$ cat final-v8.cif   # mmCIF, C-alpha atoms
data_my_file
#
loop_
_atom_site.label_atom_id
_atom_site.label_comp_id
_atom_site.auth_asym_id
_atom_site.auth_seq_id
_atom_site.Cartn_x
_atom_site.Cartn_y
_atom_site.Cartn_z
CA MET A 1 46.06 17.33 -130.53
CA LYS A 2 45.10 19.95 -133.12
CA ILE A 3 47.25 23.06 -132.91
CA ALA A 4 46.72 26.22 -134.97
CA VAL A 5 49.49 28.72 -135.68
CA VAL A 6 47.91 32.08 -136.48
CA GLY A 7 50.24 34.39 -138.39
CA VAL A 8 52.16 31.39 -139.68
CA THR A 9 53.84 33.28 -142.54
CA GLY A 10 55.35 35.98 -140.27
CA MET A 11 58.79 35.91 -138.64
CA VAL A 12 57.57 34.65 -135.26
CA GLY A 13 55.06 32.26 -136.90
CA GLN A 14 57.86 30.64 -138.87
CA VAL A 15 59.95 30.23 -135.72
CA MET A 16 56.91 28.73 -133.93
CA LEU A 17 56.73 26.03 -136.63
CA ARG A 18 60.44 25.30 -136.26
CA ILE A 19 60.18 25.03 -132.46
CA LEU A 20 57.10 22.78 -132.64
CA GLU A 21 59.21 20.47 -134.80
CA GLU A 22 62.35 20.72 -132.64
CA ARG A 23 60.54 20.03 -129.37
CA ASN A 24 58.56 17.21 -131.02
CA LEU A 25 55.24 18.28 -129.56
CA ASN A 26 52.54 15.67 -130.10
CA VAL A 27 50.76 17.57 -132.87
CA THR A 28 48.25 15.27 -134.56
CA SER A 29 47.05 18.05 -136.85
CA LEU A 30 48.73 21.38 -137.57
CA ILE A 31 46.45 24.18 -138.78
CA PRO A 32 48.43 27.00 -140.43
CA VAL A 33 46.48 30.27 -140.44
CA ALA A 34 47.32 33.57 -142.15
CA SER A 35 45.73 36.57 -143.84
CA GLU A 36 43.41 36.12 -146.81
CA LYS A 37 46.19 36.81 -149.32
CA SER A 38 48.12 33.76 -148.04
CA VAL A 39 45.16 31.34 -147.90
CA GLY A 40 45.80 28.37 -150.17
CA THR A 41 49.57 28.73 -150.17
CA GLU A 42 51.57 25.92 -148.54
CA ILE A 43 53.93 25.73 -145.58
CA THR A 44 56.23 22.85 -144.69
CA PHE A 45 55.86 21.09 -141.33
CA LYS A 46 57.72 17.89 -140.46
CA GLY A 47 58.45 17.32 -144.13
CA LYS A 48 54.83 17.67 -145.22
CA GLN A 49 53.18 20.40 -147.25
CA ILE A 50 50.10 21.85 -145.55
CA LYS A 51 47.76 24.45 -147.02
CA VAL A 52 47.22 27.72 -145.18
CA VAL A 53 43.59 28.23 -144.14
CA SER A 54 41.51 31.28 -143.26
CA MET A 55 40.64 32.37 -139.74
CA LYS A 56 37.02 31.25 -140.23
CA GLN A 57 38.09 27.78 -141.37
CA ALA A 58 40.49 27.42 -138.45
CA ILE A 59 37.81 28.36 -135.90
CA GLU A 60 35.45 25.78 -137.42
CA MET A 61 38.18 23.12 -137.01
CA LYS A 62 38.19 23.77 -133.21
CA PRO A 63 41.89 23.31 -132.42
CA ALA A 64 42.85 22.50 -128.83
CA ILE A 65 45.45 25.29 -128.85
CA ALA A 66 45.96 28.33 -131.07
CA LEU A 67 49.35 30.05 -131.03
CA PHE A 68 48.75 33.65 -132.12
CA SER A 69 51.38 35.95 -133.61
CA ALA A 70 49.47 38.20 -135.98
CA GLY A 71 49.31 41.58 -134.22
CA GLY A 72 47.11 43.09 -131.54
CA SER A 73 44.10 44.02 -133.68
CA VAL A 74 43.86 40.48 -135.08
CA SER A 75 44.13 39.01 -131.58
CA LEU A 76 41.43 41.30 -130.19
CA GLU A 77 39.04 40.30 -132.98
CA PHE A 78 39.69 36.58 -133.31
CA ALA A 79 41.14 35.25 -130.02
CA PRO A 80 37.71 35.47 -128.30
CA GLN A 81 36.14 33.64 -131.27
CA PHE A 82 38.61 30.76 -130.88
CA ALA A 83 38.05 30.75 -127.10
CA ALA A 84 34.27 30.57 -127.67
CA VAL A 85 34.64 27.19 -129.44
CA GLY A 86 36.83 25.81 -126.62
CA THR A 87 40.28 26.59 -128.01
CA THR A 88 42.99 27.81 -125.62
CA VAL A 89 44.70 30.81 -127.19
CA ILE A 90 48.32 31.70 -126.42
CA ASP A 91 48.69 35.23 -127.71
CA ASN A 92 52.02 36.82 -128.58
CA SER A 93 50.68 40.36 -129.07
CA SER A 94 50.22 43.07 -126.45
CA ALA A 95 46.41 42.85 -126.75
CA PHE A 96 45.71 41.01 -123.47
CA ARG A 97 48.91 41.39 -121.45
CA MET A 98 47.64 44.01 -119.04
CA ASP A 99 44.06 42.69 -118.94
CA ALA A 100 43.35 41.96 -115.27
CA ASP A 101 41.41 38.83 -116.25
CA LYS A 102 44.19 37.36 -118.42
CA LYS A 103 47.35 35.68 -117.15
CA LEU A 104 50.77 36.82 -118.37
CA ILE A 105 52.95 33.74 -118.37
CA VAL A 106 56.63 32.83 -118.37
CA PRO A 107 56.41 29.06 -117.70
CA GLU A 108 59.47 28.85 -115.43
CA ILE A 109 57.96 31.56 -113.21
CA ASN A 110 54.17 31.34 -113.04
CA ALA A 111 52.75 28.55 -115.23
CA SER A 112 51.40 26.92 -112.05
CA THR A 113 48.71 29.63 -111.92
CA LEU A 114 47.07 28.32 -115.14
CA THR A 115 43.76 26.46 -115.07
CA LYS A 116 41.37 24.94 -117.63
CA GLU A 117 39.33 28.14 -117.43
CA ASP A 118 42.18 30.23 -118.88
CA LYS A 119 41.16 30.33 -122.54
CA ILE A 120 43.24 33.36 -123.53
CA ILE A 121 46.79 33.41 -122.16
CA ALA A 122 49.15 36.30 -122.83
CA ASN A 123 52.77 35.82 -123.87
CA PRO A 124 54.92 38.68 -122.48
CA ASN A 125 56.97 41.09 -124.55
CA CYS A 126 60.34 39.76 -125.73
CA SER A 127 62.47 42.22 -123.76
CA THR A 128 60.44 41.50 -120.62
CA ILE A 129 60.74 37.71 -120.83
CA GLN A 130 64.53 37.51 -120.78
CA MET A 131 64.76 40.07 -117.97
CA VAL A 132 62.14 38.55 -115.65
CA ALA A 133 63.47 35.03 -116.27
CA THR A 134 66.67 36.28 -114.68
CA MET A 135 65.02 38.39 -111.98
CA ALA A 136 62.47 35.83 -110.70
CA PRO A 137 64.88 33.64 -108.67
CA LEU A 138 66.75 36.74 -107.45
CA HIS A 139 63.53 38.45 -106.39
CA LYS A 140 62.47 35.36 -104.48
CA LYS A 141 65.71 35.27 -102.50
CA TYR A 142 66.78 38.91 -102.17
CA GLY A 143 63.70 41.01 -103.01
CA VAL A 144 64.04 43.27 -106.06
CA LYS A 145 63.45 46.89 -105.07
CA ARG A 146 64.33 48.80 -108.26
CA LEU A 147 65.39 48.05 -111.83
CA VAL A 148 67.13 50.42 -114.24
CA ILE A 149 67.13 48.85 -117.71
CA SER A 150 68.73 49.84 -121.01
CA THR A 151 67.91 47.60 -123.96
CA TYR A 152 69.82 47.07 -127.21
CA GLN A 153 67.18 45.45 -129.39
CA SER A 154 67.42 43.42 -132.57
CA ILE A 155 65.68 44.67 -135.71
CA THR A 156 63.93 41.29 -135.94
CA GLY A 157 61.68 42.53 -133.13
CA THR A 158 60.19 44.97 -135.65
CA GLY A 159 59.69 42.34 -138.37
CA VAL A 160 60.58 41.47 -141.95
CA LYS A 161 60.38 45.07 -143.16
CA ALA A 162 63.13 46.11 -140.73
CA VAL A 163 65.38 43.25 -141.82
CA GLU A 164 64.89 44.31 -145.44
CA GLN A 165 65.67 47.95 -144.54
CA LEU A 166 68.97 46.96 -142.93
CA GLU A 167 69.93 44.71 -145.85
CA ASN A 168 69.10 47.44 -148.37
CA GLU A 169 71.10 50.05 -146.45
CA TYR A 170 74.05 47.67 -146.11
CA GLN A 171 74.02 47.23 -149.88
CA GLY A 172 73.47 50.92 -150.58
CA LYS A 173 69.97 50.40 -152.00
CA LYS A 174 66.86 52.49 -151.45
CA GLY A 175 63.70 50.77 -150.25
CA PRO A 176 60.79 50.82 -147.79
CA MET A 177 61.66 52.16 -144.32
CA ALA A 178 60.55 50.38 -141.15
CA TYR A 179 62.13 53.14 -139.05
CA PRO A 180 62.08 56.95 -139.36
CA TYR A 181 65.88 56.89 -139.75
CA GLN A 182 68.64 54.75 -141.21
CA ILE A 183 69.37 51.77 -138.94
CA HIS A 184 72.64 50.65 -140.61
CA LYS A 185 75.59 52.04 -138.58
CA ASN A 186 73.08 53.66 -136.22
CA ALA A 187 71.24 53.29 -132.90
CA ILE A 188 67.68 54.58 -132.60
CA PRO A 189 66.38 55.27 -129.05
CA HIS A 190 62.80 54.73 -130.16
CA CYS A 191 61.11 51.30 -129.90
CA ASP A 192 57.35 51.40 -130.57
CA VAL A 193 55.33 54.63 -130.20
CA PHE A 194 55.80 57.34 -127.58
CA GLU A 195 53.31 57.62 -124.74
CA GLU A 196 52.24 60.90 -123.10
CA ASN A 197 54.78 60.42 -120.29
CA GLY A 198 57.71 60.61 -122.76
CA TYR A 199 58.46 56.89 -122.61
CA THR A 200 57.83 54.48 -125.48
CA LYS A 201 55.32 51.64 -125.24
CA GLU A 202 58.26 49.21 -125.28
CA GLU A 203 59.76 50.92 -122.23
CA MET A 204 56.46 50.92 -120.36
CA LYS A 205 55.92 47.23 -121.17
CA LEU A 206 59.06 46.52 -119.16
CA VAL A 207 57.57 48.44 -116.24
CA ARG A 208 54.02 47.06 -116.25
CA GLU A 209 54.70 43.48 -117.35
CA THR A 210 57.53 42.98 -114.85
CA GLN A 211 55.31 43.98 -111.94
CA LYS A 212 52.49 41.70 -113.16
CA ILE A 213 54.62 38.61 -113.83
CA LEU A 214 56.57 38.89 -110.56
CA ASP A 215 53.28 39.74 -108.81
CA ASP A 216 54.76 42.72 -107.02
CA ARG A 217 53.55 46.25 -107.85
CA THR A 218 56.10 47.76 -105.46
CA ILE A 219 59.06 47.01 -107.76
CA ALA A 220 60.23 50.32 -109.26
CA VAL A 221 61.23 50.01 -112.93
CA THR A 222 62.61 52.55 -115.37
CA ALA A 223 63.79 51.75 -118.89
CA THR A 224 65.31 53.10 -122.10
CA ALA A 225 64.80 50.92 -125.20
CA VAL A 226 67.14 51.29 -128.16
CA ARG A 227 67.02 49.65 -131.60
CA ILE A 228 70.42 48.60 -132.99
CA PRO A 229 71.48 47.00 -136.31
CA VAL A 230 71.70 43.46 -134.92
CA VAL A 231 69.81 40.35 -136.03
CA GLY A 232 70.56 37.65 -133.43
CA GLY A 233 68.78 38.81 -130.29
CA HIS A 234 68.08 41.47 -127.68
CA SER A 235 70.68 42.62 -125.14
CA GLU A 236 69.95 44.39 -121.85
CA SER A 237 72.05 46.24 -119.32
CA VAL A 238 70.24 45.86 -116.00
CA ASN A 239 71.00 47.61 -112.73
CA VAL A 240 69.08 45.94 -109.91
CA GLU A 241 68.74 47.19 -106.36
CA PHE A 242 67.78 44.51 -103.83
CA ARG A 243 66.07 44.89 -100.48
CA ASN A 244 68.59 42.50 -98.91
CA GLU A 245 72.37 42.10 -99.00
CA PHE A 246 73.95 39.53 -101.32
CA GLU A 247 77.24 37.99 -102.35
CA VAL A 248 78.06 38.11 -106.06
CA SER A 249 79.23 34.49 -105.96
CA ASP A 250 75.83 33.45 -104.56
CA ILE A 251 74.07 35.32 -107.39
CA ARG A 252 76.13 33.46 -110.00
CA LYS A 253 75.45 30.13 -108.31
CA LEU A 254 71.71 30.74 -108.04
CA LEU A 255 71.40 31.79 -111.69
CA SER A 256 73.53 28.88 -112.91
CA GLU A 257 71.15 26.49 -111.12
CA THR A 258 68.04 28.11 -112.65
CA ALA A 259 66.34 26.28 -115.53
CA GLY A 260 66.56 28.18 -118.82
CA ILE A 261 69.44 30.40 -117.68
CA THR A 262 73.05 30.04 -118.84
CA VAL A 263 75.69 32.05 -117.00
CA GLN A 264 78.53 33.23 -119.26
CA ASP A 265 80.69 35.29 -116.95
CA ASN A 266 84.45 34.90 -117.08
CA ILE A 267 86.16 38.18 -117.91
CA ASP A 268 89.61 36.57 -117.57
CA VAL A 269 89.02 34.91 -120.95
CA ASN A 270 86.51 37.44 -122.35
CA VAL A 271 83.43 35.27 -121.83
CA TYR A 272 80.16 37.21 -121.74
CA PRO A 273 76.81 36.97 -123.54
CA MET A 274 76.42 38.34 -127.08
CA PRO A 275 73.46 38.22 -129.48
CA LEU A 276 75.62 36.55 -132.12
CA MET A 277 76.08 33.56 -129.80
CA ALA A 278 72.50 33.57 -128.46
CA HIS A 279 70.99 33.42 -131.95
CA GLY A 280 69.04 30.20 -132.52
CA LYS A 281 69.17 29.15 -128.85
CA ASP A 282 66.38 29.00 -126.27
CA ASP A 283 68.24 29.91 -123.07
CA VAL A 284 68.62 33.36 -121.54
CA PHE A 285 72.32 34.21 -121.19
CA VAL A 286 73.64 36.29 -118.28
CA GLY A 287 77.07 37.78 -117.67
CA ARG A 288 79.07 40.84 -116.53
CA ILE A 289 77.63 40.15 -113.08
CA ARG A 290 79.22 42.67 -110.73
CA ARG A 291 78.46 44.77 -107.69
CA ASP A 292 77.43 48.39 -108.18
CA PHE A 293 79.81 50.15 -105.77
CA SER A 294 77.90 53.43 -106.00
CA GLN A 295 74.91 52.13 -104.04
CA GLU A 296 74.15 49.54 -101.36
CA ASN A 297 72.65 46.15 -102.26
CA THR A 298 72.90 46.88 -105.99
CA LEU A 299 74.12 44.76 -108.89
CA ASN A 300 74.88 45.22 -112.59
CA MET A 301 74.36 42.47 -115.16
CA TRP A 302 74.13 41.94 -118.92
CA ILE A 303 71.28 39.76 -120.26
CA VAL A 304 70.99 38.42 -123.82
CA SER A 305 68.42 36.21 -125.52
CA ASP A 306 67.13 35.36 -129.00
CA ASN A 307 64.02 37.53 -129.11
CA LEU A 308 62.23 35.38 -131.70
CA ARG A 309 62.75 32.21 -129.66
CA LYS A 310 62.57 32.54 -125.85
CA GLY A 311 61.39 36.11 -126.34
CA ALA A 312 58.38 34.95 -128.36
CA ALA A 313 57.93 31.55 -130.04
CA THR A 314 59.69 29.26 -127.55
CA ASN A 315 57.92 30.80 -124.57
CA ALA A 316 54.55 30.33 -126.31
CA VAL A 317 55.30 26.69 -127.17
CA GLN A 318 56.50 26.06 -123.60
CA ILE A 319 53.12 27.34 -122.36
CA ALA A 320 51.43 24.90 -124.76
CA GLU A 321 53.61 22.07 -123.44
CA TYR A 322 52.63 22.90 -119.87
CA LEU A 323 48.93 22.92 -120.77
CA ILE A 324 49.21 19.51 -122.48
CA GLU A 325 51.37 17.89 -119.77
CA ASN A 326 48.99 19.05 -117.05
CA GLU A 327 45.83 18.10 -118.98
CA LEU A 328 44.55 21.68 -119.05
CA VAL A 329 43.45 21.38 -122.71
#
$ encode --input "final-v8.cif" --output "structure tokens"
Amino acid sequence: MKIAVVGVTGMVGQVMLRILEERNLNVTSLIPVASEKSVGTEITFKGKQIKVVSMKQAIEMKPAIALFSAGGSVSLEFAPQFAAVGTTVIDNSSAFRMDADKKLIVPEINASTLTKEDKIIANPNCSTIQMVATMAPLHKKYGVKRLVISTYQSITGTGVKAVEQLENEYQGKKGPMAYPYQIHKNAIPHCDVFEENGYTKEEMKLVRETQKILDDRTIAVTATAVRIPVVGGHSESVNVEFRNEFEVSDIRKLLSETAGITVQDNIDVNVYPMPLMAHGKDDVFVGRIRRDFSQENTLNMWIVSDNLRKGAATNAVQIAEYLIENELV
């Protein structure tokens, strides 16, 4: 089982390596791939030093699976080249997510739709994954009608440059800026670029990807995405209107029985999800579950997850596991 990790030197690529080790995937040969400037350098995997190879070399090696986390332009250029030699690509960029011919997969929700013919599979956006993982069982039982989402997103979602900016600002140093403003002691309501409708791409990803993954274009979604000076994970305040009535106790029970979800919801002892506690974990954490008394059939909840793990790397590796277990590669 030859597996390539494309973008292996980036933040998500590094987490992919760690998760491949942790989950003990049967990798007979790991192929680390990065930009030309990193070719020849070494990465460590399962205690061994392995040299980084070029994209061309990796394609010639014909891996069974290629985990991509190298940006949309790289995916658009090279994912089809890997697919042409028989490799199944799991792409973490936004390049193929809204392509009608490509599947957008959260394994717990829709992995069963995958076939051997799916050679390029899209990994959803980090903020979408944790939200739909929570919504899927609720939608199935109660019917989600409308979602109002406010995100509080970790700087790690932007990348290494953002982490360096925060560290420099914390120490009072000047350096390269990942954001148009200071992020230390600040909140920036601007994730990704603005679209013509006044929303950012990040906000519209929550709209479009949610409808595609849950396979229901009638779900109304509106979002505001905010970057905050946090490292451990993304947090989301979600107001969900259902088509059918519910009991809050039944919601808690259903979520607590859902694979990959941990309910942390006991306000008597101040138990609720926080990015500090979600950091380094694979589950999606849900709390502050309470009825919205201003509107019928409506609920408020707080959802937190490590955006580099379940929001990116873990989800991609779980897709790879599903493909291997079901002999689709």
$ residues_around --input "final-v8.cif" --residues "Gln165 of chain A" --least-positions-apart "6" --cutoff "9 Å" --atoms "all atoms listed in the file" --output "list in words"
Lys173, Lys174, Gly175, Pro176, Met177, Ala178, Tyr179, Gln182, Ile183 and His184 of chain A
$ resolve_selection --input "final-v8.cif" --expression "the PyMOL selection byres ((chain A and resi 76) around 12)" --output "number ranges by chain"
A: 68-75, 77-83, 89, 91-97, 99, 120, 122
$ atom_distance --input "final-v8.cif" --atom1 "atom CA of Ser249 of chain A" --atom2 "atom CA of Tyr142 of chain A"
13.7 Å
$ closest_residue --input "final-v8.cif" --among "A:Lys281, A:Lys2, A:Arg243, A:Lys48" --to "Ile261 of chain A" --atoms "all atoms listed in the file"
A:Lys281
$ resolve_selection --input "final-v8.cif" --expression "the PyMOL selection byres ((chain A and resi 272) around 12)" --output "list in words"
Ser235, Thr262, Val263, Gln264, Asp265, Asn266, Ile267, Asp268, Val269, Asn270, Val271, Pro273, Met274, Pro275, Leu276, Met277, Ala278, Phe285, Val286, Gly287, Arg288, Ile289, Met301, Trp302, Ile303 and Val304 of chain A
$ atom_distance --input "final-v8.cif" --atom1 "atom CA of Val284 of chain A" --atom2 "atom CA of Ser305 of chain A"
4.9 Å
$ residues_around --input "final-v8.cif" --residues "Ile50 of chain A" --least-positions-apart "2" --cutoff "12 Å" --atoms "only C-alpha atoms" --output "list in words"
Ala4, Val8, Leu17, Ser29, Leu30, Ile31, Pro32, Val33, Val39, Gly40, Thr41, Glu42, Ile43, Thr44, Phe45, Lys46, Gly47, Lys48, Val52 and Val53 of chain A
$ resolve_selection --input "final-v8.cif" --expression "the PyMOL selection byres ((chain A and resi 311) around 8)" --output "JSON, numbers by chain"
{"A": [124, 125, 126, 127, 128, 129, 130, 305, 306, 307, 308, 309, 310, 312, 313, 314, 315]}
$ atom_distance --input "final-v8.cif" --atom1 "atom CA of Ile188 of chain A" --atom2 "atom CA of Asp283 of chain A"
26.5 Å
$ closest_residue --input "final-v8.cif" --among "A:Val231, A:Tyr199, A:Arg146, A:Val193" --to "Ala162 of chain A" --atoms "all atoms listed in the file"
A:Val231
$ axis_aligned_box --input "final-v8.cif" --around "segment 147-160 of chain A" --padding-each-side "3 Å" --output "AutoDock Vina command-line options"
--center_x 64.8 --center_y 45.9 --center_z -126.9 --size_x 16.1 --size_y 15.1 --size_z 36.1
$ closest_residue --input "final-v8.cif" --among "A:Pro229, A:Lys253, A:Asn197, A:Asp282" --to "Lys185 of chain A" --atoms "all atoms listed in the file"
A:Pro229
$ residues_near_point --input "final-v8.cif" --point "(55.4, 42.7, -138.5)" --cutoff "8 Å" --atoms "only C-alpha atoms" --output "list in words"
Gly10, Met11, Ala70, Gly71, Thr158, Gly159, Val160 and Lys161 of chain A
$ residues_around --input "final-v8.cif" --residues "Glu195 of chain A" --least-positions-apart "5" --cutoff "9 Å" --atoms "only C-alpha atoms" --output "number ranges by chain"
A: 200-201, 204
$ residues_around --input "final-v8.cif" --residues "Glu321 of chain A" --least-positions-apart "3" --cutoff "10 Å" --atoms "all atoms listed in the file" --output "list in words"
Leu20, Arg23, Leu25, Asn26, Pro107, Asn315, Ala316, Val317, Gln318, Ile324, Glu325, Asn326 and Glu327 of chain A
$ closest_residue --input "final-v8.cif" --among "A:Ile90, A:Met131, A:Leu299, A:Leu166" --to "His234 of chain A" --atoms "only C-alpha atoms"
A:Met131
$ closest_residue --input "final-v8.cif" --among "A:Thr210, A:Asn300, A:Thr224, A:Ser38" --to "Ile105 of chain A" --atoms "only C-alpha atoms"
A:Thr210
